[in-house]
Every structure is written in C-alpha cells, then in structure tokens.
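Student: Structure supplied as run-v4.pdb; contents: PDB, C-alpha atoms.
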```pdb
ATOM      1  CA  TYR G 189       0.000   0.000   0.000  1.00  0.00           C
ATOM      2  CA  PHE G 190       2.912   2.289   0.645  1.00  0.00           C
ATOM      3  CA  ALA G 191       3.739   2.263  -3.072  1.00  0.00           C
ATOM      4  CA  PHE G 192       0.195   3.455  -3.900  1.00  0.00           C
ATOM      5  CA  GLY G 193       0.591   6.257  -1.382  1.00  0.00           C
ATOM      6  CA  VAL G 194       3.930   7.378  -2.775  1.00  0.00           C
ATOM      7  CA  MET G 195       2.669   7.169  -6.362  1.00  0.00           C
ATOM      8  CA  GLY G 196      -0.401   9.247  -5.511  1.00  0.00           C
ATOM      9  CA  GLN G 197       1.763  11.894  -3.886  1.00  0.00           C
ATOM     10  CA  LEU G 198       4.228  11.941  -6.782  1.00  0.00           C
ATOM     11  CA  LEU G 199       1.445  12.354  -9.345  1.00  0.00           C
ATOM     12  CA  ALA G 200      -0.126  15.177  -7.339  1.00  0.00           C
ATOM     13  CA  THR G 201       3.225  16.927  -6.897  1.00  0.00           C
ATOM     14  CA  ARG G 202       3.939  16.639 -10.625  1.00  0.00           C
ATOM     15  CA  GLU G 203       0.637  18.410 -11.335  1.00  0.00           C
ATOM     16  CA  GLY G 204       1.178  21.015  -8.604  1.00  0.00           C
ATOM     17  CA  LEU G 205      -1.927  19.834  -6.720  1.00  0.00           C
ATOM     18  CA  THR G 206      -2.788  18.125  -3.470  1.00  0.00           C
ATOM     19  CA  TYR G 207      -3.777  14.461  -3.752  1.00  0.00           C
ATOM     20  CA  SER G 208      -7.375  15.458  -2.997  1.00  0.00           C
ATOM     21  CA  GLU G 209      -7.363  18.061  -5.792  1.00  0.00           C
ATOM     22  CA  LEU G 210      -5.828  15.597  -8.250  1.00  0.00           C
ATOM     23  CA  LEU G 211      -8.431  12.945  -7.372  1.00  0.00           C
ATOM     24  CA  LYS G 212     -11.241  15.426  -7.998  1.00  0.00           C
ATOM     25  CA  GLU G 213      -9.753  16.806 -11.221  1.00  0.00           C
ATOM     26  CA  GLN G 214      -8.869  13.483 -12.833  1.00  0.00           C
ATOM     27  CA  ILE G 215     -11.412  10.981 -11.503  1.00  0.00           C
ATOM     28  CA  THR G 216     -14.234  12.005  -9.193  1.00  0.00           C
ATOM     29  CA  GLY G 217     -15.122  15.187 -11.105  1.00  0.00           C
ATOM     30  CA  PRO G 218     -15.317  13.626 -14.581  1.00  0.00           C
ATOM     31  CA  LEU G 219     -17.132  10.545 -13.231  1.00  0.00           C
ATOM     32  CA  ARG G 220     -19.491  12.659 -11.085  1.00  0.00           C
ATOM     33  CA  LEU G 221     -18.632  10.978  -7.787  1.00  0.00           C
ATOM     34  CA  PRO G 222     -19.479  13.709  -5.245  1.00  0.00           C
ATOM     35  CA  ASP G 223     -19.172  11.445  -2.207  1.00  0.00           C
ATOM     36  CA  THR G 224     -15.706  10.110  -3.035  1.00  0.00           C
ATOM     37  CA  VAL G 225     -13.302  12.373  -1.164  1.00  0.00           C
ATOM     38  CA  VAL G 226     -10.180  12.472   0.967  1.00  0.00           C
ATOM     39  CA  SER G 227     -11.638  14.916   3.527  1.00  0.00           C
ATOM     40  CA  LEU G 228     -15.265  14.648   4.581  1.00  0.00           C
ATOM     41  CA  SER G 229     -17.497  17.704   4.651  1.00  0.00           C
ATOM     42  CA  PRO G 230     -19.589  18.146   7.836  1.00  0.00           C
ATOM     43  CA  GLU G 231     -22.613  16.757   5.948  1.00  0.00           C
ATOM     44  CA  GLN G 232     -20.635  13.714   4.758  1.00  0.00           C
ATOM     45  CA  GLN G 233     -19.211  13.230   8.258  1.00  0.00           C
ATOM     46  CA  SER G 234     -22.773  13.076   9.604  1.00  0.00           C
ATOM     47  CA  ARG G 235     -23.446  10.119   7.260  1.00  0.00           C
ATOM     48  CA  LEU G 236     -20.248   8.196   8.121  1.00  0.00           C
ATOM     49  CA  ILE G 237     -21.136   5.024   9.949  1.00  0.00           C
ATOM     50  CA  GLN G 238     -18.994   4.149  12.989  1.00  0.00           C
ATOM     51  CA  GLY G 239     -16.319   1.542  12.277  1.00  0.00           C
ATOM     52  CA  TYR G 240     -15.568  -1.265  14.732  1.00  0.00           C
ATOM     53  CA  ASN G 241     -12.459  -3.358  15.276  1.00  0.00           C
ATOM     54  CA  THR G 242     -12.508  -7.148  15.440  1.00  0.00           C
ATOM     55  CA  ALA G 243     -13.250  -6.976  19.199  1.00  0.00           C
ATOM     56  CA  TYR G 244     -16.419  -4.979  18.281  1.00  0.00           C
ATOM     57  CA  GLN G 245     -15.096  -1.839  19.941  1.00  0.00           C
ATOM     58  CA  PRO G 246     -15.345   1.531  18.146  1.00  0.00           C
ATOM     59  CA  ALA G 247     -12.248   1.886  15.981  1.00  0.00           C
ATOM     60  CA  PRO G 248     -10.364   5.155  16.123  1.00  0.00           C
ATOM     61  CA  PRO G 249      -9.802   6.721  12.700  1.00  0.00           C
ATOM     62  CA  ASP G 250      -6.619   5.847  10.841  1.00  0.00           C
ATOM     63  CA  PRO G 251      -3.992   8.565  11.133  1.00  0.00           C
ATOM     64  CA  GLU G 252      -3.911  10.739   8.043  1.00  0.00           C
ATOM     65  CA  GLY G 253      -1.181   9.525   5.755  1.00  0.00           C
ATOM     66  CA  LEU G 254      -0.478   9.237   2.068  1.00  0.00           C
ATOM     67  CA  GLY G 255      -3.761   9.764   0.201  1.00  0.00           C
ATOM     68  CA  GLY G 256      -3.222   7.079  -2.417  1.00  0.00           C
ATOM     69  CA  ALA G 257      -2.799   4.422   0.283  1.00  0.00           C
ATOM     70  CA  GLY G 258      -6.406   4.225   1.408  1.00  0.00           C
ATOM     71  CA  ALA G 259      -7.356   7.721   2.569  1.00  0.00           C
ATOM     72  CA  ILE G 260     -10.390   7.888   0.278  1.00  0.00           C
ATOM     73  CA  PHE G 261     -13.918   7.843   1.669  1.00  0.00           C
ATOM     74  CA  SER G 262     -16.794   6.858  -0.606  1.00  0.00           C
ATOM     75  CA  THR G 263     -20.344   5.554  -0.708  1.00  0.00           C
ATOM     76  CA  ALA G 264     -21.783   2.394  -2.229  1.00  0.00           C
ATOM     77  CA  GLY G 265     -23.500   4.522  -4.884  1.00  0.00           C
ATOM     78  CA  ASP G 266     -20.285   6.255  -5.940  1.00  0.00           C
ATOM     79  CA  ILE G 267     -18.334   2.995  -5.968  1.00  0.00           C
ATOM     80  CA  LEU G 268     -20.966   1.366  -8.173  1.00  0.00           C
ATOM     81  CA  LYS G 269     -20.710   4.305 -10.606  1.00  0.00           C
ATOM     82  CA  PHE G 270     -16.932   3.804 -10.622  1.00  0.00           C
ATOM     83  CA  LEU G 271     -17.345   0.076 -11.303  1.00  0.00           C
ATOM     84  CA  VAL G 272     -19.756   0.764 -14.184  1.00  0.00           C
ATOM     85  CA  ALA G 273     -17.209   3.199 -15.644  1.00  0.00           C
ATOM     86  CA  ASN G 274     -14.600   0.426 -15.435  1.00  0.00           C
ATOM     87  CA  MET G 275     -16.969  -2.034 -17.127  1.00  0.00           C
ATOM     88  CA  HIS G 276     -17.751   0.392 -19.941  1.00  0.00           C
ATOM     89  CA  PRO G 277     -14.786   2.743 -20.401  1.00  0.00           C
ATOM     90  CA  GLU G 278     -15.850   3.256 -24.022  1.00  0.00           C
ATOM     91  CA  ARG G 279     -18.698   5.411 -22.697  1.00  0.00           C
ATOM     92  CA  LEU G 280     -16.231   7.852 -21.125  1.00  0.00           C
ATOM     93  CA  SER G 281     -14.452  10.809 -22.637  1.00  0.00           C
ATOM     94  CA  GLY G 282     -11.051  12.405 -22.217  1.00  0.00           C
ATOM     95  CA  THR G 283      -8.154  10.316 -20.975  1.00  0.00           C
ATOM     96  CA  LEU G 284     -10.217   8.035 -18.712  1.00  0.00           C
ATOM     97  CA  PRO G 285     -10.816   5.234 -21.275  1.00  0.00           C
ATOM     98  CA  GLU G 286      -7.087   4.910 -21.960  1.00  0.00           C
ATOM     99  CA  ALA G 287      -6.215   5.112 -18.252  1.00  0.00           C
ATOM    100  CA  MET G 288      -8.729   2.403 -17.364  1.00  0.00           C
ATOM    101  CA  ALA G 289      -7.472   0.147 -20.161  1.00  0.00           C
ATOM    102  CA  LEU G 290      -3.955   0.494 -18.726  1.00  0.00           C
ATOM    103  CA  ALA G 291      -5.239  -0.269 -15.219  1.00  0.00           C
ATOM    104  CA  HIS G 292      -7.026  -3.423 -16.422  1.00  0.00           C
ATOM    105  CA  ARG G 293      -4.022  -4.932 -18.213  1.00  0.00           C
ATOM    106  CA  PRO G 294      -2.456  -7.871 -16.334  1.00  0.00           C
ATOM    107  CA  ARG G 295       1.176  -7.265 -15.383  1.00  0.00           C
ATOM    108  CA  ALA G 296       2.171 -10.187 -13.145  1.00  0.00           C
ATOM    109  CA  GLU G 297       0.975 -13.476 -11.750  1.00  0.00           C
ATOM    110  CA  GLY G 298      -0.942 -13.087  -8.505  1.00  0.00           C
ATOM    111  CA  PRO G 299      -2.499 -15.438  -5.990  1.00  0.00           C
ATOM    112  CA  PRO G 300      -3.686 -18.770  -7.451  1.00  0.00           C
ATOM    113  CA  ARG G 301      -5.737 -18.312 -10.646  1.00  0.00           C
ATOM    114  CA  THR G 302      -5.336 -14.512 -10.660  1.00  0.00           C
ATOM    115  CA  GLN G 303      -3.196 -11.898 -12.325  1.00  0.00           C
ATOM    116  CA  ILE G 304      -2.154  -8.530 -10.918  1.00  0.00           C
ATOM    117  CA  CYS G 305      -3.148  -5.376 -12.795  1.00  0.00           C
ATOM    118  CA  LEU G 306      -2.832  -1.767 -11.559  1.00  0.00           C
ATOM    119  CA  ALA G 307      -4.851  -1.879  -8.315  1.00  0.00           C
ATOM    120  CA  TRP G 308      -7.006  -4.736  -9.654  1.00  0.00           C
ATOM    121  CA  PHE G 309      -6.778  -8.505  -9.460  1.00  0.00           C
ATOM    122  CA  TYR G 310      -7.947 -10.163 -12.662  1.00  0.00           C
ATOM    123  CA  THR G 311      -9.330 -13.708 -12.705  1.00  0.00           C
ATOM    124  CA  PRO G 312      -9.070 -14.989 -16.290  1.00  0.00           C
ATOM    125  CA  GLY G 313     -11.312 -18.000 -15.587  1.00  0.00           C
ATOM    126  CA  ASN G 314     -14.383 -15.830 -15.039  1.00  0.00           C
ATOM    127  CA  ARG G 315     -13.038 -12.585 -16.565  1.00  0.00           C
ATOM    128  CA  THR G 316     -13.618 -10.589 -13.382  1.00  0.00           C
ATOM    129  CA  TRP G 317     -11.578  -7.708 -11.949  1.00  0.00           C
ATOM    130  CA  SER G 318     -11.679  -7.226  -8.162  1.00  0.00           C
ATOM    131  CA  HIS G 319     -10.112  -5.263  -5.346  1.00  0.00           C
ATOM    132  CA  GLY G 320     -10.472  -5.444  -1.582  1.00  0.00           C
ATOM    133  CA  GLY G 321      -9.521  -2.909   1.021  1.00  0.00           C
ATOM    134  CA  ALA G 322      -9.311  -2.350   4.745  1.00  0.00           C
ATOM    135  CA  LYS G 323      -8.632   0.412   7.212  1.00  0.00           C
ATOM    136  CA  ALA G 324      -9.284   0.755  10.930  1.00  0.00           C
ATOM    137  CA  GLY G 325     -12.894  -0.320  11.472  1.00  0.00           C
ATOM    138  CA  TYR G 326     -13.784  -0.966   7.817  1.00  0.00           C
ATOM    139  CA  THR G 327     -13.369  -3.598   5.104  1.00  0.00           C
ATOM    140  CA  SER G 328     -14.494  -3.638   1.486  1.00  0.00           C
ATOM    141  CA  PHE G 329     -14.533  -5.731  -1.652  1.00  0.00           C
ATOM    142  CA  ALA G 330     -15.545  -4.609  -5.137  1.00  0.00           C
ATOM    143  CA  PHE G 331     -15.646  -6.395  -8.486  1.00  0.00           C
ATOM    144  CA  PHE G 332     -16.876  -5.985 -12.034  1.00  0.00           C
ATOM    145  CA  ASN G 333     -17.371  -8.325 -14.978  1.00  0.00           C
ATOM    146  CA  PRO G 334     -17.794  -6.653 -18.390  1.00  0.00           C
ATOM    147  CA  ARG G 335     -18.709  -9.902 -20.156  1.00  0.00           C
ATOM    148  CA  GLY G 336     -21.586 -10.551 -17.749  1.00  0.00           C
ATOM    149  CA  ASP G 337     -22.308  -6.827 -17.329  1.00  0.00           C
ATOM    150  CA  TYR G 338     -22.460  -6.959 -13.556  1.00  0.00           C
ATOM    151  CA  ALA G 339     -20.651  -5.359 -10.635  1.00  0.00           C
ATOM    152  CA  ALA G 340     -21.029  -5.213  -6.873  1.00  0.00           C
ATOM    153  CA  VAL G 341     -19.444  -3.723  -3.792  1.00  0.00           C
ATOM    154  CA  VAL G 342     -19.451  -5.002  -0.213  1.00  0.00           C
ATOM    155  CA  LEU G 343     -18.834  -2.404   2.500  1.00  0.00           C
ATOM    156  CA  LEU G 344     -18.551  -3.455   6.149  1.00  0.00           C
ATOM    157  CA  ASN G 345     -18.038  -1.300   9.218  1.00  0.00           C
ATOM    158  CA  ASN G 346     -15.916  -3.930  10.940  1.00  0.00           C
ATOM    159  CA  GLY G 347     -12.337  -5.061  10.630  1.00  0.00           C
ATOM    160  CA  PRO G 348      -9.868  -5.498   9.332  1.00  0.00           C
ATOM    161  CA  ASP G 349      -9.973  -9.203  10.071  1.00  0.00           C
ATOM    162  CA  VAL G 350      -7.652 -12.031   9.076  1.00  0.00           C
ATOM    163  CA  ALA G 351     -10.155 -13.909   6.891  1.00  0.00           C
ATOM    164  CA  SER G 352     -11.978 -11.016   5.303  1.00  0.00           C
ATOM    165  CA  LEU G 353     -15.744 -11.341   5.531  1.00  0.00           C
ATOM    166  CA  ALA G 354     -16.014  -8.678   2.813  1.00  0.00           C
ATOM    167  CA  ASP G 355     -13.980 -10.878   0.439  1.00  0.00           C
ATOM    168  CA  LEU G 356     -16.084 -13.942   1.302  1.00  0.00           C
ATOM    169  CA  LEU G 357     -19.348 -12.066   0.719  1.00  0.00           C
ATOM    170  CA  GLY G 358     -17.980 -10.560  -2.483  1.00  0.00           C
ATOM    171  CA  ASP G 359     -16.966 -13.985  -3.794  1.00  0.00           C
ATOM    172  CA  HIS G 360     -20.416 -15.356  -2.907  1.00  0.00           C
ATOM    173  CA  ILE G 361     -22.216 -12.507  -4.703  1.00  0.00           C
ATOM    174  CA  GLN G 362     -19.948 -12.774  -7.770  1.00  0.00           C
ATOM    175  CA  GLN G 363     -20.533 -16.524  -8.020  1.00  0.00           C
ATOM    176  CA  ARG G 364     -24.296 -16.085  -7.700  1.00  0.00           C
ATOM    177  CA  LEU G 365     -24.343 -13.362 -10.385  1.00  0.00           C
ATOM    178  CA  ALA G 366     -22.274 -15.592 -12.692  1.00  0.00           C
ATOM    179  CA  GLY G 367     -24.659 -18.516 -12.131  1.00  0.00           C
ATOM    180  CA  ASP G 368     -21.878 -20.613 -10.589  1.00  0.00           C
ATOM    181  CA  PRO G 369     -22.071 -22.673  -7.385  1.00  0.00           C
ATOM    182  CA  ALA G 370     -21.465 -20.162  -4.609  1.00  0.00           C
ATOM    183  CA  VAL G 371     -19.073 -20.460  -1.705  1.00  0.00           C
ATOM    184  CA  SER G 372     -20.969 -21.371   1.473  1.00  0.00           C
ATOM    185  CA  LEU G 373     -21.661 -18.652   4.005  1.00  0.00           C
ATOM    186  CA  ASP G 374     -22.593 -21.183   6.709  1.00  0.00           C
ATOM    187  CA  THR G 375     -19.358 -20.624   8.610  1.00  0.00           C
ATOM    188  CA  ALA G 376     -19.355 -16.833   8.356  1.00  0.00           C
ATOM    189  CA  PHE G 377     -19.909 -14.922  11.586  1.00  0.00           C
ATOM    190  CA  VAL G 378     -21.926 -11.756  11.075  1.00  0.00           C
TER     191      VAL G 378
END
```
Produce structure tokens that represent the structure in this file.

Tutor:
Amino acid sequence: YFAFGVMGQLLATREGLTYSELLKEQITGPLRLPDTVVSLSPEQQSRLIQGYNTAYQPAPPDPEGLGGAGAIFSTAGDILKFLVANMHPERLSGTLPEAMALAHRPRAEGPPRTQICLAWFYTPGNRTWSHGGAKAGYTSFAFFNPRGDYAAVVLLNNGPDVASLADLLGDHIQQRLAGDPAVSLDTAFV
C-alpha cells in the first residue's frame, strides 16, 4: 500500500496539486462521484457510519497519511458508478478510457488463478476484476465483470480481520451473479 501512497503523492506533486485536488480533477469530477473524497465535509461526516475493530469496539480513525494508500472515503453509490465506468470505459471521454485500459491490463501473476493489474486482481477463468480494502474499522470488496455486465461492492463497518468477511461475501455474490455454485456462508460470523 505504501507504493500506492507514494505514487499518488508523486502524481499530485507533478501536477502542482494536493492528492485530494488531483483525485477530484482526474477521476471524481469527470465521473461525477461527489461522495468520493479524501476529507469529509460536515454533511458527509454526519453520514459516516462508525467503524468497529474485530473486538467490536469503536475503531479510532486511521492517522492521516499518504492519500493514495487508502485515505479515500466513498459511498456504495459512488463505488458502483466507478465500477460501471470500469466495465464500460468506451462510454467515457477524455483520458479516462485509456487510463482504465492500462489499469485493467495484467502485469504479473498473482495469488492462485489470478493476475495482478494496476490496483485490480484479474481472474481470467471468469473474466472478473476485483479489489479489496481495509482500514481501521472498515473492510471492502468490489468487483466488475464486463462480459456478464455486472458489478457489486461489499462495505462493512468492521475489521480489518484475518479472513476477510467482505472478500467472502464478495466472492459469494460474484458466483451467484455468474450462475456458478457459490461459496458457502454457513461458517461466516456476522
């Protein structure tokens, strides 16, 4: 994650902007994602759900660090818009289609049956791109499948945990949407 943080800062510095300004100029502005920000407004703060650690105690916020390493807040609605943009970059204008194509291109072998792209894991078997995340009190998992024309995001206000419940739920949802046998949720603790 440190590399993402450094890269975000380097890109912002090159443009003479803060990371937050760069994010808005290059991504959240063009994609119309008003609730995807580095710093919450008072109104957005009022909608932020409390995060809990794995002992179910309120989690203190992560210390502010490098923006590209997980300092972004968002909503399910904004993330779904982002996933749709990734599924259909041809519908976008400017430099976003080319940037997304670069981000989707596999660059290395990843965990079993996956390849590593830029901030995405690609599973060639089902042609799905995915990414999970975690910060103090929160875990997430998002995926999109252009061939099947579906996407989903799982956002939890608990974690991070060792065996990510967000990943398990995301895998289950993806398998159900694909019409495949789904991983069992019988052993998941919610």

Student: Name the residues captured by the PyMOL selection byres ((chain G and resi 276) around 12) when it is applied to the shown file; answer as an MDAnalysis selection string.

Tutor: chainID G and resid 269:275 277:281 284:286 288:289 292 332:339

Student: Translate the PyMOL selection byres ((chain G and resi 323) around 12) into a concrete residue list for this structure, as number ranges by chain.

Tutor: G: 189, 239-242, 247-253, 257-261, 320-322, 324-328, 343-349

Student: Any chance you could export the current selection's C-alpha atoms as a PDB file, in the frame of the given file?

Tutor:
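Once everything was written out, this is part33.pdb:
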```
ATOM      1  CA  TYR G 189       0.000   0.000   0.000  1.00  0.00           C
ATOM      2  CA  GLY G 239     -16.319   1.542  12.277  1.00  0.00           C
ATOM      3  CA  TYR G 240     -15.568  -1.265  14.732  1.00  0.00           C
ATOM      4  CA  ASN G 241     -12.459  -3.358  15.276  1.00  0.00           C
ATOM      5  CA  THR G 242     -12.508  -7.148  15.440  1.00  0.00           C
ATOM      6  CA  ALA G 247     -12.248   1.886  15.981  1.00  0.00           C
ATOM      7  CA  PRO G 248     -10.364   5.155  16.123  1.00  0.00           C
ATOM      8  CA  PRO G 249      -9.802   6.721  12.700  1.00  0.00           C
ATOM      9  CA  ASP G 250      -6.619   5.847  10.841  1.00  0.00           C
ATOM     10  CA  PRO G 251      -3.992   8.565  11.133  1.00  0.00           C
ATOM     11  CA  GLU G 252      -3.911  10.739   8.043  1.00  0.00           C
ATOM     12  CA  GLY G 253      -1.181   9.525   5.755  1.00  0.00           C
ATOM     13  CA  ALA G 257      -2.799   4.422   0.283  1.00  0.00           C
ATOM     14  CA  GLY G 258      -6.406   4.225   1.408  1.00  0.00           C
ATOM     15  CA  ALA G 259      -7.356   7.721   2.569  1.00  0.00           C
ATOM     16  CA  ILE G 260     -10.390   7.888   0.278  1.00  0.00           C
ATOM     17  CA  PHE G 261     -13.918   7.843   1.669  1.00  0.00           C
ATOM     18  CA  GLY G 320     -10.472  -5.444  -1.582  1.00  0.00           C
ATOM     19  CA  GLY G 321      -9.521  -2.909   1.021  1.00  0.00           C
ATOM     20  CA  ALA G 322      -9.311  -2.350   4.745  1.00  0.00           C
ATOM     21  CA  ALA G 324      -9.284   0.755  10.930  1.00  0.00           C
ATOM     22  CA  GLY G 325     -12.894  -0.320  11.472  1.00  0.00           C
ATOM     23  CA  TYR G 326     -13.784  -0.966   7.817  1.00  0.00           C
ATOM     24  CA  THR G 327     -13.369  -3.598   5.104  1.00  0.00           C
ATOM     25  CA  SER G 328     -14.494  -3.638   1.486  1.00  0.00           C
ATOM     26  CA  LEU G 343     -18.834  -2.404   2.500  1.00  0.00           C
ATOM     27  CA  LEU G 344     -18.551  -3.455   6.149  1.00  0.00           C
ATOM     28  CA  ASN G 345     -18.038  -1.300   9.218  1.00  0.00           C
ATOM     29  CA  ASN G 346     -15.916  -3.930  10.940  1.00  0.00           C
ATOM     30  CA  GLY G 347     -12.337  -5.061  10.630  1.00  0.00           C
ATOM     31  CA  PRO G 348      -9.868  -5.498   9.332  1.00  0.00           C
ATOM     32  CA  ASP G 349      -9.973  -9.203  10.071  1.00  0.00           C
TER      33      ASP G 349
END
```

Student: Expanded to explicit residues, what is the PyMOL selection byres ((chain G and resi 217-227) around 8) for this file, as a list of chain:residue names?

Tutor: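 Evaluating the PyMOL selection byres ((chain G and resi 217-227) around 8) on this file yields G:Ser208, G:Leu211, G:Lys212, G:Glu213, G:Gln214, G:Ile215, G:Thr216, G:Leu228, G:Ser229, G:Gln232, G:Gly255, G:Ala259, G:Ile260, G:Phe261, G:Ser262, G:Thr263, G:Asp266, G:Lys269, G:Phe270, G:Ala273.
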
Student: Find, counting all atoms listed in the file, the residue in G:Pro369, G:Gly196, G:Pro294, G:Pro230 that gets nearest to Leu254 (chain G).

Tutor: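 The answer is G:Gly196, which sits nearest to Leu254 (chain G).
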
Student: Applying 9 Å and only C-alpha atoms, which residues near Gln197 (chain G) remain after dropping the ones on its own chain fewer than 4 positions away? List them as a ChimeraX atom specification.

Tutor: /G:192-193,201-202,206-207,254-256

Student: Quick one: distance from CA of Phe329 (chain G) to CA of Leu268 (chain G) in Å, one decimal?

Tutor: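 If I compute the distance from CA of Phe329 (chain G) to CA of Leu268 (chain G), I get 11.6 Å.
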
Student: For Trp308 (chain G), which of G:Ala354, G:Leu373, G:Ala287, G:Ala330 is the closest residue, counting all atoms listed in the file?

Tutor: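 Of G:Ala354, G:Leu373, G:Ala287, G:Ala330, the one nearest Trp308 (chain G), counting all atoms listed in the file, is G:Ala330.
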
Student: Using CA of Phe309 (chain G) and CA of Ile361 (chain G) as the two end points, give the distance in Å to one decimal.

Tutor: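 Computed distance, CA of Phe309 (chain G) to CA of Ile361 (chain G), equals 16.6 Å.
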
Student: Work out how far apart CA of Ala291 (chain G) and CA of Ala307 (chain G) are and give it in Å to one decimal.

Tutor: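 Value for the CA of Ala291 (chain G)-CA of Ala307 (chain G) distance: 7.1 Å.
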
Student: So that I can look at just that part, could you write region 209-222 of chain G with C-alpha atoms, as a JSON list (two decimals), in the first residue's frame?

Tutor:
```json
[["chain", "number", "residue", "atom", "x", "y", "z"],
["G", 209, "GLU", "CA", -7.36, 18.06, -5.79],
["G", 210, "LEU", "CA", -5.83, 15.60, -8.25],
["G", 211, "LEU", "CA", -8.43, 12.94, -7.37],
["G", 212, "LYS", "CA", -11.24, 15.43, -8.00],
["G", 213, "GLU", "CA", -9.75, 16.81, -11.22],
["G", 214, "GLN", "CA", -8.87, 13.48, -12.83],
["G", 215, "ILE", "CA", -11.41, 10.98, -11.50],
["G", 216, "THR", "CA", -14.23, 12.01, -9.19],
["G", 217, "GLY", "CA", -15.12, 15.19, -11.10],
["G", 218, "PRO", "CA", -15.32, 13.63, -14.58],
["G", 219, "LEU", "CA", -17.13, 10.55, -13.23],
["G", 220, "ARG", "CA", -19.49, 12.66, -11.08],
["G", 221, "LEU", "CA", -18.63, 10.98, -7.79],
["G", 222, "PRO", "CA", -19.48, 13.71, -5.25]]
```
